[in-house]
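This is query.tsv (TSV, C-alpha atoms).
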chain	number	residue	atom	x	y	z
A	1	MET	CA	-74.55	83.15	45.44
A	2	LYS	CA	-74.59	83.31	41.65
A	3	LYS	CA	-72.29	80.33	41.34
A	4	ARG	CA	-73.56	76.87	40.50
A	5	ASN	CA	-72.39	73.37	41.18
A	6	LEU	CA	-69.98	72.04	38.55
A	7	PRO	CA	-70.03	68.25	38.07
A	8	LEU	CA	-66.77	66.80	39.37
A	9	SER	CA	-66.20	65.02	36.05
A	10	ARG	CA	-65.66	68.44	34.42
A	11	VAL	CA	-63.10	69.86	36.87
A	12	TYR	CA	-60.18	68.89	34.61
A	13	GLN	CA	-61.48	71.34	31.98
A	14	LEU	CA	-60.71	74.21	34.36
A	15	LEU	CA	-57.26	73.16	35.46
A	16	GLU	CA	-55.54	71.46	32.54
A	17	THR	CA	-54.99	74.78	30.74
A	18	GLY	CA	-52.57	75.74	33.53
A	19	PRO	CA	-54.18	78.81	35.11
A	20	VAL	CA	-52.70	80.62	38.07
A	21	VAL	CA	-54.81	79.66	41.10
A	22	MET	CA	-55.22	81.24	44.51
A	23	VAL	CA	-55.08	78.66	47.29
A	24	THR	CA	-57.07	79.48	50.41
A	25	THR	CA	-56.57	77.77	53.76
A	26	SER	CA	-57.96	78.28	57.25
A	27	TYR	CA	-56.22	77.32	60.49
A	28	LYS	CA	-56.75	78.37	64.09
A	29	GLY	CA	-59.27	81.03	63.09
A	30	LYS	CA	-57.03	82.65	60.47
A	31	ASP	CA	-57.48	82.49	56.71
A	32	ASN	CA	-54.69	82.74	54.19
A	33	ILE	CA	-54.26	83.00	50.41
A	34	MET	CA	-51.33	82.09	48.19
A	35	THR	CA	-50.75	82.30	44.43
A	36	MET	CA	-49.75	79.04	42.72
A	37	SER	CA	-48.93	77.87	39.19
A	38	TRP	CA	-47.36	74.48	39.79
A	39	HIS	CA	-50.28	72.04	39.62
A	40	THR	CA	-51.52	69.25	37.37
A	41	MET	CA	-54.59	67.08	37.03
A	42	MET	CA	-53.78	63.51	38.10
A	43	GLU	CA	-57.17	61.78	37.66
A	44	PHE	CA	-60.53	62.64	36.07
A	45	GLU	CA	-63.01	61.37	38.66
A	46	PRO	CA	-62.85	61.71	41.49
A	47	PRO	CA	-60.69	64.63	40.35
A	48	LEU	CA	-57.18	64.47	41.78
A	49	VAL	CA	-54.84	67.45	41.55
A	50	GLY	CA	-51.14	67.38	42.31
A	51	CYS	CA	-49.65	70.64	43.51
A	52	ILE	CA	-46.22	71.79	44.62
A	53	ILE	CA	-46.20	74.12	47.61
A	54	SER	CA	-42.88	75.29	49.02
A	55	GLU	CA	-42.16	74.77	52.69
A	56	ARG	CA	-41.26	78.48	52.74
A	57	ASP	CA	-44.93	79.34	52.11
A	58	HIS	CA	-47.18	79.83	55.13
A	59	THR	CA	-49.80	77.76	53.27
A	60	PHE	CA	-47.50	74.73	53.52
A	61	GLU	CA	-47.90	74.56	57.31
A	62	MET	CA	-51.61	75.33	57.18
A	63	LEU	CA	-52.28	72.66	54.56
A	64	LYS	CA	-50.24	70.07	56.43
A	65	ALA	CA	-52.15	70.79	59.62
A	66	THR	CA	-55.70	71.03	58.23
A	67	LYS	CA	-55.55	68.82	55.12
A	68	GLU	CA	-58.04	71.15	53.44
A	69	CYS	CA	-57.93	74.03	50.97
A	70	VAL	CA	-59.81	75.72	48.15
A	71	LEU	CA	-58.36	76.33	44.68
A	72	ASN	CA	-59.85	79.62	43.47
A	73	ILE	CA	-59.36	80.48	39.80
A	74	PRO	CA	-58.98	84.21	39.09
A	75	THR	CA	-59.37	86.05	35.80
A	76	ALA	CA	-57.35	88.97	34.44
A	77	ASP	CA	-59.38	91.63	36.26
A	78	LEU	CA	-57.77	90.27	39.47
A	79	ALA	CA	-54.17	90.41	38.14
A	80	LYS	CA	-52.99	93.03	40.64
A	81	GLN	CA	-54.40	91.11	43.59
A	82	VAL	CA	-52.86	87.88	42.26
A	83	VAL	CA	-49.41	89.48	42.15
A	84	GLY	CA	-49.83	91.27	45.47
A	85	ILE	CA	-50.81	88.01	47.13
A	86	GLY	CA	-47.79	86.30	45.60
A	87	ASN	CA	-45.47	89.02	46.94
A	88	THR	CA	-46.63	88.96	50.58
A	89	SER	CA	-46.83	86.47	53.41
A	90	GLY	CA	-49.88	85.46	55.43
A	91	ARG	CA	-47.58	85.19	58.45
A	92	THR	CA	-47.67	88.97	58.79
A	93	ILE	CA	-50.85	90.22	57.05
A	94	ASP	CA	-54.51	89.29	56.53
A	95	LYS	CA	-54.59	88.97	52.76
A	96	PHE	CA	-58.40	89.07	52.44
A	97	GLU	CA	-58.40	92.46	54.15
A	98	LYS	CA	-55.26	93.81	52.47
A	99	PHE	CA	-56.44	92.94	48.95
A	100	GLY	CA	-60.15	93.59	49.41
A	101	LEU	CA	-61.35	90.10	48.58
A	102	THR	CA	-64.62	88.59	49.79
A	103	ARG	CA	-64.85	85.35	51.76
A	104	LEU	CA	-67.67	82.91	51.07
A	105	GLN	CA	-68.29	79.87	53.21
A	106	ALA	CA	-67.40	76.57	51.56
A	107	SER	CA	-69.74	73.60	51.85
A	108	ARG	CA	-67.29	70.76	52.48
A	109	VAL	CA	-64.16	72.39	53.93
A	110	LYS	CA	-63.31	75.13	56.44
A	111	ALA	CA	-61.16	77.15	54.04
A	112	PRO	CA	-63.12	80.01	52.47
A	113	LEU	CA	-64.02	80.53	48.81
A	114	ILE	CA	-62.91	83.79	47.18
A	115	ALA	CA	-66.14	85.31	45.83
A	116	GLU	CA	-64.37	87.33	43.11
A	117	CYS	CA	-62.95	84.19	41.43
A	118	TYR	CA	-65.13	82.66	38.68
A	119	ALA	CA	-64.49	79.09	39.88
A	120	ASN	CA	-63.76	77.51	43.26
A	121	LEU	CA	-62.67	73.95	43.97
A	122	GLU	CA	-63.04	72.65	47.52
A	123	CYS	CA	-60.27	70.13	48.19
A	124	THR	CA	-59.04	67.69	50.78
A	125	VAL	CA	-55.46	66.40	50.94
A	126	VAL	CA	-55.52	62.68	50.17
A	127	ASP	CA	-51.82	61.81	49.90
A	128	THR	CA	-48.83	63.42	51.63
A	129	ARG	CA	-46.26	60.70	50.89
A	130	MET	CA	-44.46	62.90	48.35
A	131	VAL	CA	-44.38	66.06	50.48
A	132	THR	CA	-40.99	65.37	52.04
A	133	THR	CA	-39.21	64.72	48.74
A	134	TYR	CA	-41.04	67.05	46.33
A	135	ASN	CA	-43.41	69.30	48.35
A	136	LEU	CA	-46.12	67.52	46.32
A	137	PHE	CA	-49.59	67.39	47.83
A	138	VAL	CA	-52.26	65.25	46.18
A	139	LEU	CA	-55.66	66.94	46.50
A	140	GLU	CA	-59.10	65.51	45.82
A	141	VAL	CA	-61.69	68.00	44.64
A	142	VAL	CA	-64.80	67.25	46.69
A	143	LYS	CA	-67.02	70.13	45.54
A	144	ALA	CA	-66.74	72.49	42.60
A	145	TRP	CA	-68.43	75.86	41.97
A	146	ILE	CA	-68.56	77.86	38.79
A	147	ASP	CA	-70.03	81.18	37.64
A	148	PRO	CA	-72.11	80.05	34.64
A	149	SER	CA	-72.06	83.55	33.12
A	150	VAL	CA	-68.30	83.30	32.42
A	151	LYS	CA	-67.96	81.52	29.07
A	152	ASP	CA	-64.35	81.91	27.97
A	153	PRO	CA	-62.58	82.91	31.18
A	154	LYS	CA	-59.61	85.24	30.79
A	155	THR	CA	-57.45	83.19	33.09
A	156	LEU	CA	-53.89	84.22	34.00
A	157	HIS	CA	-50.90	82.03	33.12
A	158	HIS	CA	-47.52	82.83	34.63
A	159	ARG	CA	-44.44	83.06	32.38
A	160	GLY	CA	-42.15	83.85	35.31
A	161	ASN	CA	-40.83	87.10	36.79
A	162	GLY	CA	-44.19	88.85	36.84
A	163	VAL	CA	-44.96	88.19	33.17
A	164	PHE	CA	-48.42	86.74	32.61
A	165	MET	CA	-50.19	85.41	29.53
A	166	ILE	CA	-53.92	86.08	29.46
A	167	ALA	CA	-56.11	83.36	27.97
A	168	GLY	CA	-56.92	84.19	24.35
A	169	GLU	CA	-59.20	82.87	21.65
A	170	THR	CA	-60.95	79.48	21.97
A	171	ILE	CA	-60.99	77.02	19.06
A	172	ARG	CA	-62.90	73.77	18.64
A	173	LEU	CA	-61.39	70.81	16.83
A	174	ARG	CA	-62.66	67.30	16.37
A	175	SER	CA	-61.02	65.34	19.09
A	176	LYS	CA	-61.51	62.02	20.80
A	177	MET	CA	-59.22	63.24	23.57
A	178	LYS	CA	-60.96	63.58	26.89
B	1	MET	CA	-30.80	74.48	13.34
B	2	LYS	CA	-32.23	77.89	14.12
B	3	LYS	CA	-32.88	76.92	17.74
B	4	ARG	CA	-30.62	77.98	20.55
B	5	ASN	CA	-29.76	76.59	23.94
B	6	LEU	CA	-32.11	77.76	26.69
B	7	PRO	CA	-30.57	77.94	30.19
B	8	LEU	CA	-32.12	75.22	32.35
B	9	SER	CA	-33.02	77.82	34.99
B	10	ARG	CA	-35.57	79.28	32.54
B	11	VAL	CA	-37.39	76.07	31.59
B	12	TYR	CA	-40.18	76.73	34.12
B	13	GLN	CA	-41.16	79.83	32.12
B	14	LEU	CA	-42.19	77.58	29.23
B	15	LEU	CA	-44.14	74.98	31.16
B	16	GLU	CA	-45.88	76.72	34.07
B	17	THR	CA	-48.45	78.33	31.75
B	18	GLY	CA	-49.83	74.83	31.09
B	19	PRO	CA	-49.28	74.36	27.34
B	20	VAL	CA	-50.22	71.19	25.51
B	21	VAL	CA	-46.96	69.35	24.82
B	22	MET	CA	-46.04	66.60	22.39
B	23	VAL	CA	-44.00	63.87	24.04
B	24	THR	CA	-41.58	62.02	21.77
B	25	THR	CA	-40.01	58.67	22.64
B	26	SER	CA	-37.80	56.20	20.75
B	27	TYR	CA	-37.61	52.48	21.42
B	28	LYS	CA	-36.32	49.56	19.35
B	29	GLY	CA	-35.82	51.74	16.30
B	30	LYS	CA	-39.32	53.24	16.35
B	31	ASP	CA	-40.27	56.79	17.29
B	32	ASN	CA	-43.59	57.83	18.76
B	33	ILE	CA	-45.44	61.04	19.65
B	34	MET	CA	-48.26	61.66	22.13
B	35	THR	CA	-50.21	64.78	23.10
B	36	MET	CA	-50.21	65.62	26.82
B	37	SER	CA	-51.66	68.31	29.07
B	38	TRP	CA	-51.21	66.84	32.53
B	39	HIS	CA	-47.83	68.10	33.67
B	40	THR	CA	-46.41	70.46	36.29
B	41	MET	CA	-43.07	71.97	37.19
B	42	MET	CA	-41.74	70.40	40.41
B	43	GLU	CA	-38.37	72.16	40.82
B	44	PHE	CA	-36.59	75.12	39.21
B	45	GLU	CA	-33.04	73.81	38.78
B	46	PRO	CA	-32.30	71.23	37.80
B	47	PRO	CA	-35.77	71.52	36.28
B	48	LEU	CA	-38.03	68.67	37.34
B	49	VAL	CA	-41.36	68.07	35.60
B	50	GLY	CA	-44.07	65.74	36.85
B	51	CYS	CA	-46.30	64.25	34.16
B	52	ILE	CA	-49.18	61.83	34.11
B	53	ILE	CA	-49.13	59.31	31.26
B	54	SER	CA	-51.84	56.68	31.10
B	55	GLU	CA	-50.86	53.04	30.88
B	56	ARG	CA	-53.22	52.87	27.89
B	57	ASP	CA	-50.83	55.11	25.93
B	58	HIS	CA	-48.09	53.44	23.88
B	59	THR	CA	-45.73	56.11	25.24
B	60	PHE	CA	-46.16	54.65	28.74
B	61	GLU	CA	-44.36	51.42	27.79
B	62	MET	CA	-41.72	53.25	25.75
B	63	LEU	CA	-40.96	55.68	28.57
B	64	LYS	CA	-40.78	52.90	31.17
B	65	ALA	CA	-38.35	50.96	28.99
B	66	THR	CA	-36.08	53.79	27.83
B	67	LYS	CA	-36.36	56.35	30.65
B	68	GLU	CA	-35.99	59.13	28.08
B	69	CYS	CA	-38.28	61.50	26.18
B	70	VAL	CA	-38.51	64.98	24.69
B	71	LEU	CA	-41.25	67.48	25.57
B	72	ASN	CA	-41.92	69.46	22.39
B	73	ILE	CA	-44.07	72.59	22.74
B	74	PRO	CA	-46.30	73.33	19.73
B	75	THR	CA	-47.99	76.58	18.77
B	76	ALA	CA	-51.45	77.11	17.26
B	77	ASP	CA	-50.29	76.58	13.65
B	78	LEU	CA	-49.83	72.90	14.64
B	79	ALA	CA	-53.32	72.51	16.18
B	80	LYS	CA	-54.52	69.93	13.64
B	81	GLN	CA	-51.43	67.79	14.09
B	82	VAL	CA	-51.75	68.05	17.88
B	83	VAL	CA	-55.33	66.76	17.76
B	84	GLY	CA	-54.56	64.10	15.16
B	85	ILE	CA	-51.68	62.83	17.29
B	86	GLY	CA	-53.99	62.72	20.31
B	87	ASN	CA	-56.57	60.69	18.40
B	88	THR	CA	-54.26	57.96	17.08
B	89	SER	CA	-51.95	55.32	18.53
B	90	GLY	CA	-48.29	54.79	17.80
B	91	ARG	CA	-48.92	51.07	18.12
B	92	THR	CA	-50.39	51.07	14.61
B	93	ILE	CA	-48.99	54.11	12.77
B	94	ASP	CA	-45.78	56.15	12.38
B	95	LYS	CA	-46.95	59.54	13.61
B	96	PHE	CA	-44.01	61.52	12.20
B	97	GLU	CA	-44.88	60.23	8.72
B	98	LYS	CA	-48.65	60.43	9.09
B	99	PHE	CA	-48.61	64.05	10.35
B	100	GLY	CA	-45.69	65.32	8.26
B	101	LEU	CA	-43.47	66.33	11.17
B	102	THR	CA	-39.68	66.58	10.99
B	103	ARG	CA	-37.34	64.68	13.32
B	104	LEU	CA	-34.20	66.36	14.62
B	105	GLN	CA	-31.57	64.50	16.57
B	106	ALA	CA	-31.44	65.34	20.27
B	107	SER	CA	-28.10	65.90	21.98
B	108	ARG	CA	-28.63	64.05	25.26
B	109	VAL	CA	-31.38	61.47	24.60
B	110	LYS	CA	-32.34	59.07	21.81
B	111	ALA	CA	-35.90	60.39	21.42
B	112	PRO	CA	-36.12	62.89	18.53
B	113	LEU	CA	-36.97	66.59	18.67
B	114	ILE	CA	-39.92	67.80	16.59
B	115	ALA	CA	-38.44	70.54	14.39
B	116	GLU	CA	-41.79	72.34	13.92
B	117	CYS	CA	-42.19	72.99	17.68
B	118	TYR	CA	-40.74	76.28	18.97
B	119	ALA	CA	-39.22	74.67	22.08
B	120	ASN	CA	-37.89	71.22	22.89
B	121	LEU	CA	-36.93	69.84	26.29
B	122	GLU	CA	-34.75	66.74	26.40
B	123	CYS	CA	-35.65	64.74	29.51
B	124	THR	CA	-34.64	61.70	31.49
B	125	VAL	CA	-36.92	59.89	33.92
B	126	VAL	CA	-35.51	60.33	37.42
B	127	ASP	CA	-38.25	58.86	39.62
B	128	THR	CA	-40.77	56.11	38.84
B	129	ARG	CA	-41.95	55.44	42.40
B	130	MET	CA	-45.34	57.07	41.76
B	131	VAL	CA	-46.00	55.38	38.42
B	132	THR	CA	-47.88	52.42	39.88
B	133	THR	CA	-50.28	54.52	41.95
B	134	TYR	CA	-50.68	57.65	39.83
B	135	ASN	CA	-49.00	57.07	36.42
B	136	LEU	CA	-46.76	59.95	37.55
B	137	PHE	CA	-43.29	60.12	35.99
B	138	VAL	CA	-40.77	62.62	37.35
B	139	LEU	CA	-38.62	63.97	34.50
B	140	GLU	CA	-35.44	65.98	34.69
B	141	VAL	CA	-34.86	68.39	31.80
B	142	VAL	CA	-31.22	67.85	30.80
B	143	LYS	CA	-31.10	70.06	27.70
B	144	ALA	CA	-33.48	72.75	26.43
B	145	TRP	CA	-33.82	74.31	22.98
B	146	ILE	CA	-35.77	77.37	21.95
B	147	ASP	CA	-36.45	79.28	18.73
B	148	PRO	CA	-35.35	82.80	19.74
B	149	SER	CA	-37.51	84.38	17.02
B	150	VAL	CA	-40.73	83.33	18.81
B	151	LYS	CA	-41.43	86.05	21.37
B	152	ASP	CA	-44.98	85.46	22.63
B	153	PRO	CA	-45.68	81.89	21.59
B	154	LYS	CA	-49.31	81.11	20.69
B	155	THR	CA	-49.30	77.93	22.73
B	156	LEU	CA	-52.34	75.63	22.90
B	157	HIS	CA	-54.13	74.93	26.18
B	158	HIS	CA	-56.69	72.14	26.32
B	159	ARG	CA	-60.13	72.82	27.81
B	160	GLY	CA	-61.28	69.24	27.21
B	161	ASN	CA	-63.25	67.58	24.40
B	162	GLY	CA	-61.27	69.15	21.58
B	163	VAL	CA	-61.69	72.71	22.83
B	164	PHE	CA	-58.43	74.64	23.01
B	165	MET	CA	-57.54	78.05	24.33
B	166	ILE	CA	-54.81	79.84	22.39
B	167	ALA	CA	-52.36	81.94	24.39
B	168	GLY	CA	-53.41	85.58	24.29
B	169	GLU	CA	-51.94	88.90	25.33
B	170	THR	CA	-48.89	89.15	27.61
B	171	ILE	CA	-48.83	91.56	30.54
B	172	ARG	CA	-46.00	92.56	32.84
B	173	LEU	CA	-46.59	93.28	36.52
B	174	ARG	CA	-44.16	94.01	39.30
B	175	SER	CA	-43.63	90.71	40.97
B	176	LYS	CA	-41.13	89.17	43.34
B	177	MET	CA	-42.50	85.76	42.42
B	178	LYS	CA	-39.98	83.60	40.64
Could you express the structure from this file as C-alpha cells?
Amino acid sequence: MKKRNLPLSRVYQLLETGPVVMVTTSYKGKDNIMTMSWHTMMEFEPPLVGCIISERDHTFEMLKATKECVLNIPTADLAKQVVGIGNTSGRTIDKFEKFGLTRLQASRVKAPLIAECYANLECTVVDTRMVTTYNLFVLEVVKAWIDPSVKDPKTLHHRGNGVFMIAGETIRLRSKMK
Amino acid sequence: MKKRNLPLSRVYQLLETGPVVMVTTSYKGKDNIMTMSWHTMMEFEPPLVGCIISERDHTFEMLKATKECVLNIPTADLAKQVVGIGNTSGRTIDKFEKFGLTRLQASRVKAPLIAECYANLECTVVDTRMVTTYNLFVLEVVKAWIDPSVKDPKTLHHRGNGVFMIAGETIRLRSKMK
C-alpha cells in the first residue's frame, strides 16, 4: 500500500478543518460505510475525536456493538460516492460493492480502510457515557495512515442539503497556536 | 446593522464545514476573544454545539462564570487578526482594542458580537457535565445573525501550526442528507 504511517500527534491537522469523513464499521461479517460531518478533535495525543452518530444510522448499532471504526477522509474526486453513501442505508445494501470502493485490512481494528481515501484513522470507542443523551461517541485514534503524495487535499465540507465546499488555497501565517 | 436574523434551523450549515471561530465572552466589565477550531454540531434544532476550550485559556474561566458566549465566524480578510488573537491572552490585553475589531451589542447575551465577522451565533451554555473530563462545553445557539451579502464565505480552516485552508469552490449534488 502506498500509504504511510502518520504520527498520532499530527492527526488533529487532518480533522480540525472539518472535512466530511466516511465511517467504516464491521460486524458479524458485514462491512458498512456512512458519511459524517459532525465531529471534533477533543485531545491532541492520544488523539481523541468526538462524533455524533444518529441512532437512525445503521452504523450506530454496529459501533455500539463492536466499539471499533475507521474514519476515512475522502477528497472531491469521491464526491458522488460520498453523497450516494449518505443517501442509502447499509441495512439493505453492501455499500462497498454498490459504490465501487476498495477494502483494505486495518492493522488495529476489524473495520476496513477505504483505499480510495487519502487518509484513514483506525479508532476504538473509549467513552459511551454521552451516547444516550447526545449520540456522542468518544473515539481514540490508535493508528493513522496517510498518502504522502497528497499535499493540499481537496477535502469536502458539507454546507447542508447537498451543498459542499471544496478545500481551497492554503496560507501560512506565523502562529504559536498548535 | 446590515446583518439579518438567520433561522436557528440553518445554523448547522455554518458550522459543520469546520470553520475557525472567534469566541467572545464578557465578564466583570471586560470582553475577551479567543480563536477556536475544536467544535461540532450536536443537534439541529434547537442548535447545540459542542466545543473544547482548554482550561489554560482565559475564556474557560469567563465561560464557566457567565455561561454565555458568541461564536463569530471570520473570513480570510481577517486571517491576521485570527492568528494574533490565537497568539495572545485576554488576561493581559484588550483584544478588541489591540486588533481593531468592532463590538456590537448582542440581543440575548452579554458577550459582544464582532461586527467584522459575517456571522454571529449568540449562545448559552446548557451542559457542563463533560467540562471536567474533556473541557467540553455544550452550547445552545439562541440567536443567529448573518450578513446576507456574503454568499460563499471564504472561511478559514486550521491545518495546525499556523497553516490555514481557505474555503474554495462550492458544488451542489443531489442529496437527501440534511
Is there a way to get, as an MDAnalysis selection string, all residues within 9 Å of the point (-45.5, 82.2, 22.7) in file coordinates, counting all atoms listed in the file?
-> (chainID A and resid 165) or (chainID B and resid 14 75 118 150:155 167:168)
Residue contacts of range 124-135 of chain B (9 Å, only C-alpha atoms) excluding same-chain residues fewer than 3 positions away, as a ChimeraX atom specification = /A:42-43,130 /B:48,51-55,60,63-64,66-70,108-109,138-142
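The gap separating CA of Thr24 in chain A from CA of Leu71 in chain A is 6.7 Å, in Å to one decimal.
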Quick one: contact table of chain B to chain A, 7 Å max, nearest atom pair and distance in Å to one decimal per residue, counting all atoms listed in the file, chain and number order, as a tab-separated table?
residue	atom	partner	partner_atom	distance
B:Gln13	CA	A:Arg159	CA	4.6
B:Leu14	CA	A:Arg159	CA	6.7
B:Glu16	CA	A:Ser37	CA	6.1
B:Thr17	CA	A:His157	CA	4.6
B:Gly18	CA	A:Gly18	CA	3.8
B:Pro19	CA	A:Thr17	CA	6.7
B:Ser37	CA	A:Glu16	CA	6.1
B:Trp38	CA	A:Thr40	CA	5.4
B:His39	CA	A:Thr40	CA	5.4
B:Thr40	CA	A:His39	CA	5.3
B:Met41	CA	A:Trp38	CA	5.6
B:Met42	CA	A:Ile52	CA	6.3
B:Ile52	CA	A:Met42	CA	6.3
B:Val83	CA	A:Ser175	CA	6.0
B:Gly86	CA	A:Met177	CA	6.2
B:Asn87	CA	A:Lys176	CA	5.7
B:Tyr134	CA	A:Met42	CA	6.9
B:His157	CA	A:Thr17	CA	4.6
B:His158	CA	A:Thr17	CA	5.4
B:Arg159	CA	A:Gln13	CA	4.6
B:Gly160	CA	A:Gln13	CA	5.2
B:Asn161	CA	A:Lys178	CA	5.2
B:Gly162	CA	A:Ser175	CA	4.6
B:Val163	CA	A:Arg172	CA	4.5
B:Phe164	CA	A:Ile171	CA	5.3
B:Met165	CA	A:Thr170	CA	4.4
B:Ile166	CA	A:Gly168	CA	5.2
B:Ala167	CA	A:Gly168	CA	5.1
B:Gly168	CA	A:Gly168	CA	3.8
B:Glu169	CA	A:Ile166	CA	5.4
B:Thr170	CA	A:Met165	CA	4.4
B:Ile171	CA	A:Phe164	CA	5.3
B:Arg172	CA	A:Val163	CA	4.5
B:Leu173	CA	A:Gly162	CA	5.0
B:Arg174	CA	A:Gly162	CA	5.7
B:Ser175	CA	A:Gly162	CA	4.6
B:Lys176	CA	A:Asn87	CA	5.6
B:Met177	CA	A:Asn161	CA	6.0
B:Lys178	CA	A:Asn161	CA	5.3
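For the atom pair formed by CA of Met22 in chain B and CA of Phe137 in chain A, the distance is 25.7 Å, given to one decimal.
The two atoms in question, CA of Asn120 in chain B and CA of Thr92 in chain B, are spaced 25.1 Å apart.
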Residues within 10 Å of (-29.3, 80.7, 17.5), file coords, all atoms listed in the file, listed as an MDAnalysis selection string | chainID B and resid 1:5 145:149
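You can rank A:Ser26, A:Ser89, A:Asn72, A:Gln81 by their closest distance to Leu113 in chain A using only C-alpha atoms, and at the top of that list sits A:Asn72.
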